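*Asks:* My questions all concern the structure below.
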Amino acid sequence: MPDNLTIKDNRTGKEYAIPITNDTIRAMDLRQIKVSDDDFGMMSYDPAFMNTASCQSKITFIDGDKGILRYRGYPIEQVAEKCTYLEVAYLVLHGELPTKTQLDEWVHNITYHTMIHENIKKFMDGFNHDAHPMGMLVSTLAALSTYYPDSKNIQDAESRKLQIYRLIGKIPTIAAYAYRHTLGLPYVYPDNELSYTGNFLSMLYKMAEPKYKVNPVLERALDVLFILHADHEQNCSANTMRSIGSSQADPFVSMAGAAAALYGPLHGGANEQVLRMLREIGSKDKVPEFIKKVKSGEGGRLMGFGHRIYKNYDPRAKIIKDTAEKVFEVTGRNPLLDIAVELERIALEDEYFVKRKLYPNVDFYSGIIYEAMGFPTAAFTVLFAIPRTSGWLAQWQEMLLDPDQKIARPRQVFLGYDKRDFVAMEKRK
Ligand code: SDX
């Protein structure tokens, strides 16, 4: 059987054989479908890209119906249990798990790019004490591009590698500086003897002691959370990274744009909204009333629930829920977990959510752990952005190396006025 579609245009009676590759047709193959020869030709219309592949990728595979997530073929459950975050960042970016030598060199290079230019402190001091950390992160990422003009050499593999070290190494430092600024605390310099997450905790929480004492349970829990957030194929922020990067803008400003997309409450901003929602509910017995409000449309959305791709349980949410128990052994139980578990129990039995295939997503439980670890709610999306840096950069680099790609410039279906003449001021109604 030939791998093609036969499309018959009933307006003309003409038939077209449209090739099928990877169970997909090229939208450009539709352009030959015309009524008259000087027509522009057929396009596909797909607001929000509900059914449009913008690229071919080998990085992350998701099967939303089966709740499957794999980085370069490795199941999320296995890498979350057996890897460190930097090991997964290497995998996502290079396509293979690193050898010991490769991992040691990778960790060394990132560790030695954790410092940020001292001027960034002046930049940080310009923010109000209550500035949202995502606003501080987005603007500081863009500002960093002015310190690294060499990052514009996006076609040079060595330059890309250096920017990747810089961005993965520096984003925890920027996040920690933003946190310390909001509390009026002195900035803490990176400690190169600590792990990626250990150093991050030290830059956040070190006070007068000569060396921060990392709690290994919290260090590992944060590593697992970072692994779970590393990449997620063509989500809104990855699409933004690819789109900005396709104009050959440098990776710093491209990532500032990606972080801006992540900030939205429907995307990475949801983990912050989940905590606000759980606090608003207040106690387990108030859950049924809240669910009723959501279903009636007056209560907004059940934040942390639902997903464009997952029409089953988000595999990351399951792992996060298990990680929460380990964290609470150290930090004490977060009572909001009981409300979240009750919310999940009731929602998963309710026709409204079942019919719409709404399950907890990665944001539903992550905030509860972050709060138990002492992170302020406003910082939760920053904790999403830090690990997603490796995914954004992997998507960006794959786009640059893909011969099929060029500057992203969608079409539109124009439904506005046809040509009309200018109207003088005195004649306007
Ligand atoms: C992330 O894309 C990714 O991969 C993202 C991410 C990643 O790792 O990068 O996984 C991270 O962003 C997770 C999602 C975090 N966002 C939230 O938790 C916010 C709440 N969830 C939703 O707003 C929503 O589910 C989305 C945005 C996640 C997905 O939205 P879709 O696919 O566009 O679905 P939709 O808005 O068209 O909703 C379909 C129906 C609607 O009802 P009807 O109009 O058919 O009656 O489901 C309803 C929606 O009203 N619905 C919800 C709901 N989510 C969808 N109703 C109540 N609560 C919700 N959470």
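Chain labels A, B, ... are given in the sequence in which chains occur in the structure tokens; within each chain residues are numbered consecutively from 1, and ligands are likewise numbered from 1 in the order shown.
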List the neighbours of Tyr112 (chain A) out to 10 Å using only C-alpha atoms; skip same-chain residues closer than 3 positions along the sequence, and give me the result as an MDAnalysis selection string.
*Replies:* chainID A and resid 107:109 115 165:166 169:170 190:192
*Asks:* Let me see if you get this right: every residue at most 6 Å from ligand 1, counting only C-alpha atoms and all ligand atoms, written as an NGL selection string.
*Replies:* :A and (232 or 235-236 or 266-268 or 270 or 301-308 or 356 or 361-363)
*Asks:* Can you tell me, as a count of residues only, what residues are no more than 7 Å from region 395-411 of chain A when counting only C-alpha atoms, ignoring any on the same chain fewer than 4 positions away?
*Replies:* 8
*Asks:* Any chance you could tabulate, as a tab-separated table, the residues of region 84-111 of chain A at most 9 Å from region 56-62 of chain A with each one's nearest atom pair and distance in Å to one decimal, using only C-alpha atoms, in chain and rising number order?
*Replies:*
residue	atom	partner	partner_atom	distance
A:Leu91	CA	A:Ile59	CA	9.0
A:Val92	CA	A:Ile59	CA	6.2
A:Leu93	CA	A:Ile59	CA	8.0
A:Gly95	CA	A:Ile59	CA	7.1
*Asks:* Given the choices A:Val88, A:Ser145, A:Leu358, A:Tyr205, which gets closest to Pro75 (chain A) if the distance is worked out from only C-alpha atoms?
*Replies:* A:Val88
*Asks:* Could you tell me which of A:Pro2, A:Gly135, A:Gly416, A:Gly73 comes closest to Leu262 (chain A) if we count only C-alpha atoms?
*Replies:* A:Gly135
*Asks:* Need the shell around Thr197 (chain A): protein/DNA/RNA residues with any atom at most 7 Å away, counting only C-alpha atoms. Skip same-chain ones fewer than 5 positions apart. Format as a ChimeraX atom specification?
*Replies:* /A:219,222-223
*Asks:* Would you export the selected residues with all heavy atoms as an mmCIF file, in the first residue's frame, please?
*Replies:*
data_model
loop_
_atom_site.group_PDB
_atom_site.id
_atom_site.type_symbol
_atom_site.label_atom_id
_atom_site.label_comp_id
_atom_site.auth_asym_id
_atom_site.auth_seq_id
_atom_site.Cartn_x
_atom_site.Cartn_y
_atom_site.Cartn_z
ATOM 1 N N GLU A 219 19.319 17.593 49.369
ATOM 2 C CA GLU A 219 20.173 17.719 48.179
ATOM 3 C C GLU A 219 19.728 16.726 47.114
ATOM 4 O O GLU A 219 19.545 17.074 45.954
ATOM 5 C CB GLU A 219 21.620 17.434 48.604
ATOM 6 C CG GLU A 219 22.645 17.514 47.505
ATOM 7 C CD GLU A 219 24.039 17.128 48.033
ATOM 8 O OE1 GLU A 219 24.158 16.274 48.935
ATOM 9 O OE2 GLU A 219 25.018 17.716 47.519
ATOM 10 N N LEU A 222 16.131 17.508 45.684
ATOM 11 C CA LEU A 222 16.178 18.601 44.702
ATOM 12 C C LEU A 222 16.773 18.090 43.387
ATOM 13 O O LEU A 222 16.299 18.433 42.299
ATOM 14 C CB LEU A 222 17.026 19.750 45.256
ATOM 15 C CG LEU A 222 16.787 21.139 44.667
ATOM 16 C CD1 LEU A 222 15.324 21.514 44.678
ATOM 17 C CD2 LEU A 222 17.619 22.179 45.417
ATOM 18 N N ASP A 223 17.759 17.197 43.475
ATOM 19 C CA ASP A 223 18.353 16.603 42.270
ATOM 20 C C ASP A 223 17.284 15.836 41.486
ATOM 21 O O ASP A 223 17.157 15.974 40.279
ATOM 22 C CB ASP A 223 19.470 15.638 42.689
ATOM 23 C CG ASP A 223 20.690 15.755 41.780
ATOM 24 O OD1 ASP A 223 20.992 16.877 41.322
ATOM 25 O OD2 ASP A 223 21.296 14.717 41.493
#
*Asks:* Quick check for you: according to DSSP on this backbone, which residues of region 193-428 of chain A are classed as alpha helix (DSSP H)? Reply as a PyMOL selection string.
*Replies:* chain A and resi 196-205+216-228+236-245+251-263+270-281+287-296+315-331+336-347+351-355+362-372+380-400
*Asks:* Since we have the selection now, will you write its residues out, keeping C-alpha atoms, as a CSV table (one decimal), in the first residue's frame?
*Replies:*
chain,number,residue,atom,x,y,z
A,196,TYR,CA,25.1,21.3,41.7
A,197,THR,CA,22.1,21.2,44.1
A,198,GLY,CA,24.3,21.3,47.2
A,199,ASN,CA,25.9,24.5,45.9
A,200,PHE,CA,22.5,26.0,45.1
A,201,LEU,CA,21.2,25.3,48.6
A,202,SER,CA,24.4,26.9,50.0
A,203,MET,CA,24.0,30.0,47.9
A,204,LEU,CA,20.4,30.3,49.2
A,205,TYR,CA,20.7,29.4,52.8
A,216,PRO,CA,21.9,15.0,51.8
A,217,VAL,CA,18.2,14.1,51.8
A,218,LEU,CA,17.2,17.6,50.6
A,219,GLU,CA,20.2,17.7,48.2
A,220,ARG,CA,19.1,14.4,46.6
A,221,ALA,CA,15.4,15.4,46.6
A,222,LEU,CA,16.2,18.6,44.7
A,223,ASP,CA,18.4,16.6,42.3
A,224,VAL,CA,15.4,14.3,41.5
A,225,LEU,CA,13.0,17.3,41.1
A,226,PHE,CA,15.6,18.8,38.7
A,227,ILE,CA,15.8,15.6,36.7
A,228,LEU,CA,12.0,15.5,36.4
A,236,CYS,CA,5.2,26.3,25.3
A,237,SER,CA,8.6,27.5,26.6
A,238,ALA,CA,10.6,25.1,24.5
A,239,ASN,CA,8.7,26.3,21.4
A,240,THR,CA,9.6,29.8,22.4
A,241,MET,CA,13.3,29.0,22.8
A,242,ARG,CA,13.2,27.4,19.3
A,243,SER,CA,11.3,30.3,17.8
A,244,ILE,CA,13.6,33.1,19.2
A,245,GLY,CA,16.7,31.0,18.4
A,251,PRO,CA,21.1,31.7,23.6
A,252,PHE,CA,20.9,34.1,26.6
A,253,VAL,CA,18.1,36.3,25.1
A,254,SER,CA,16.5,33.2,23.7
A,255,MET,CA,16.4,31.6,27.1
A,256,ALA,CA,15.1,34.9,28.6
A,257,GLY,CA,12.1,34.5,26.3
A,258,ALA,CA,11.7,30.8,27.2
A,259,ALA,CA,11.7,31.7,30.9
A,260,ALA,CA,9.1,34.4,30.2
A,261,ALA,CA,6.8,31.8,28.6
A,262,LEU,CA,7.4,29.4,31.5
A,263,TYR,CA,6.3,32.2,33.9
A,270,ALA,CA,1.2,26.6,37.8
A,271,ASN,CA,3.3,25.2,40.7
A,272,GLU,CA,3.0,28.6,42.5
A,273,GLN,CA,-0.7,28.8,41.8
A,274,VAL,CA,-1.2,25.3,43.2
A,275,LEU,CA,0.1,26.4,46.6
A,276,ARG,CA,-2.1,29.5,46.6
A,277,MET,CA,-5.1,27.3,45.6
A,278,LEU,CA,-4.4,24.8,48.5
A,279,ARG,CA,-4.1,27.6,51.0
A,280,GLU,CA,-7.3,29.1,49.7
A,281,ILE,CA,-9.1,25.8,50.2
A,287,VAL,CA,-12.4,20.3,49.1
A,288,PRO,CA,-15.8,19.2,47.8
A,289,GLU,CA,-17.1,22.9,47.9
A,290,PHE,CA,-14.0,24.0,45.9
A,291,ILE,CA,-14.4,21.2,43.3
A,292,LYS,CA,-18.0,22.3,42.8
A,293,LYS,CA,-16.8,25.9,42.1
A,294,VAL,CA,-14.3,24.7,39.6
A,295,LYS,CA,-16.8,22.6,37.8
A,296,SER,CA,-19.3,25.4,37.7
A,315,PRO,CA,4.6,10.1,35.4
A,316,ARG,CA,6.6,12.9,37.0
A,317,ALA,CA,3.7,13.6,39.5
A,318,LYS,CA,3.9,10.1,40.8
A,319,ILE,CA,7.7,10.3,41.4
A,320,ILE,CA,7.3,13.7,43.1
A,321,LYS,CA,4.6,12.4,45.4
A,322,ASP,CA,7.0,9.6,46.5
A,323,THR,CA,9.9,12.1,46.9
A,324,ALA,CA,7.6,14.3,49.2
A,325,GLU,CA,7.5,11.6,51.9
A,326,LYS,CA,11.4,11.4,52.0
A,327,VAL,CA,11.6,15.2,52.3
A,328,PHE,CA,9.0,15.4,55.0
A,329,GLU,CA,11.0,12.9,57.2
A,330,VAL,CA,13.6,15.8,57.3
A,331,THR,CA,11.4,18.9,57.2
A,336,LEU,CA,-1.1,21.0,52.5
A,337,LEU,CA,-0.2,17.6,51.2
A,338,ASP,CA,-3.3,16.1,52.9
A,339,ILE,CA,-5.5,18.7,51.1
A,340,ALA,CA,-3.8,17.9,47.8
A,341,VAL,CA,-4.2,14.1,48.2
A,342,GLU,CA,-7.9,14.6,49.0
A,343,LEU,CA,-8.3,17.0,46.0
A,344,GLU,CA,-6.7,14.3,43.8
A,345,ARG,CA,-8.9,11.5,45.3
A,346,ILE,CA,-12.1,13.4,44.7
A,347,ALA,CA,-11.2,14.8,41.3
A,351,GLU,CA,-17.0,12.7,35.9
A,352,TYR,CA,-16.0,16.3,35.1
A,353,PHE,CA,-12.3,15.5,35.4
A,354,VAL,CA,-12.5,11.9,34.2
A,355,LYS,CA,-14.4,12.9,31.0
A,362,VAL,CA,4.2,17.8,37.3
A,363,ASP,CA,3.1,21.1,39.1
A,364,PHE,CA,0.6,19.5,41.4
A,365,TYR,CA,2.9,18.2,44.1
A,366,SER,CA,6.2,19.9,43.4
A,367,GLY,CA,5.2,23.1,45.2
A,368,ILE,CA,4.4,21.2,48.4
A,369,ILE,CA,7.9,19.9,48.5
A,370,TYR,CA,9.5,23.2,47.7
A,371,GLU,CA,7.5,24.9,50.5
A,372,ALA,CA,8.5,22.2,52.9
A,380,PHE,CA,8.7,27.9,42.6
A,381,THR,CA,8.8,28.7,38.9
A,382,VAL,CA,12.4,29.6,39.2
A,383,LEU,CA,13.0,26.1,40.5
A,384,PHE,CA,11.3,24.9,37.3
A,385,ALA,CA,13.4,27.2,35.1
A,386,ILE,CA,16.8,26.1,36.6
A,387,PRO,CA,16.6,22.4,35.4
A,388,ARG,CA,14.7,23.2,32.3
A,389,THR,CA,17.7,25.2,31.1
A,390,SER,CA,19.3,21.9,29.9
A,391,GLY,CA,16.1,21.0,27.9
A,392,TRP,CA,15.7,24.5,26.4
A,393,LEU,CA,19.4,24.4,25.3
A,394,ALA,CA,19.0,20.9,23.9
A,395,GLN,CA,16.0,22.0,21.9
A,396,TRP,CA,17.8,25.2,20.8
A,397,GLN,CA,20.9,23.3,19.6
A,398,GLU,CA,18.8,20.6,17.8
A,399,MET,CA,16.9,23.3,16.0
A,400,LEU,CA,20.2,25.0,14.9
*Asks:* Do you know which residues are at most 12 Å from Glu105 (chain A) counting only C-alpha atoms, after dropping those on the same chain fewer than 6 positions away, and could you put them as a VMD selection string?
*Replies:* chain A and resid 86 to 87 90 98 to 99 111 to 112 165
*Asks:* I'd like the contact shell of region 7-13 of chain A - 10 Å cut-off, only C-alpha atoms, skipping same-chain residues fewer than 3 positions apart - returned as a PyMOL selection string.
*Replies:* chain A and resi 4+16-18+30+33-36
*Asks:* Could you please determine the separation between CA of Gly41 (chain A) and CA of Ile25 (chain A) in Å, to one decimal place?
*Replies:*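 If I compute the distance from CA of Gly41 (chain A) to CA of Ile25 (chain A), I get 15.7 Å.
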*Asks:* Can you tell me how far CA of Lys284 (chain A) sits from CA of Gly67 (chain A), in Å to one decimal?
*Replies:*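 Computing it gives 27.6 Å between the two atoms.
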*Asks:* Under the rule that only C-alpha atoms are counted, which of A:Met1, A:Leu162, A:Glu193, A:Gln234 is the nearest residue to Cys55 (chain A)?
*Replies:* A:Gln234
*Asks:* Using CA of Thr21 (chain A) and CA of Arg70 (chain A) as the two end points, give the distance in Å to one decimal.
*Replies:*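 Distance reported for this atom pair: 22.4 Å.
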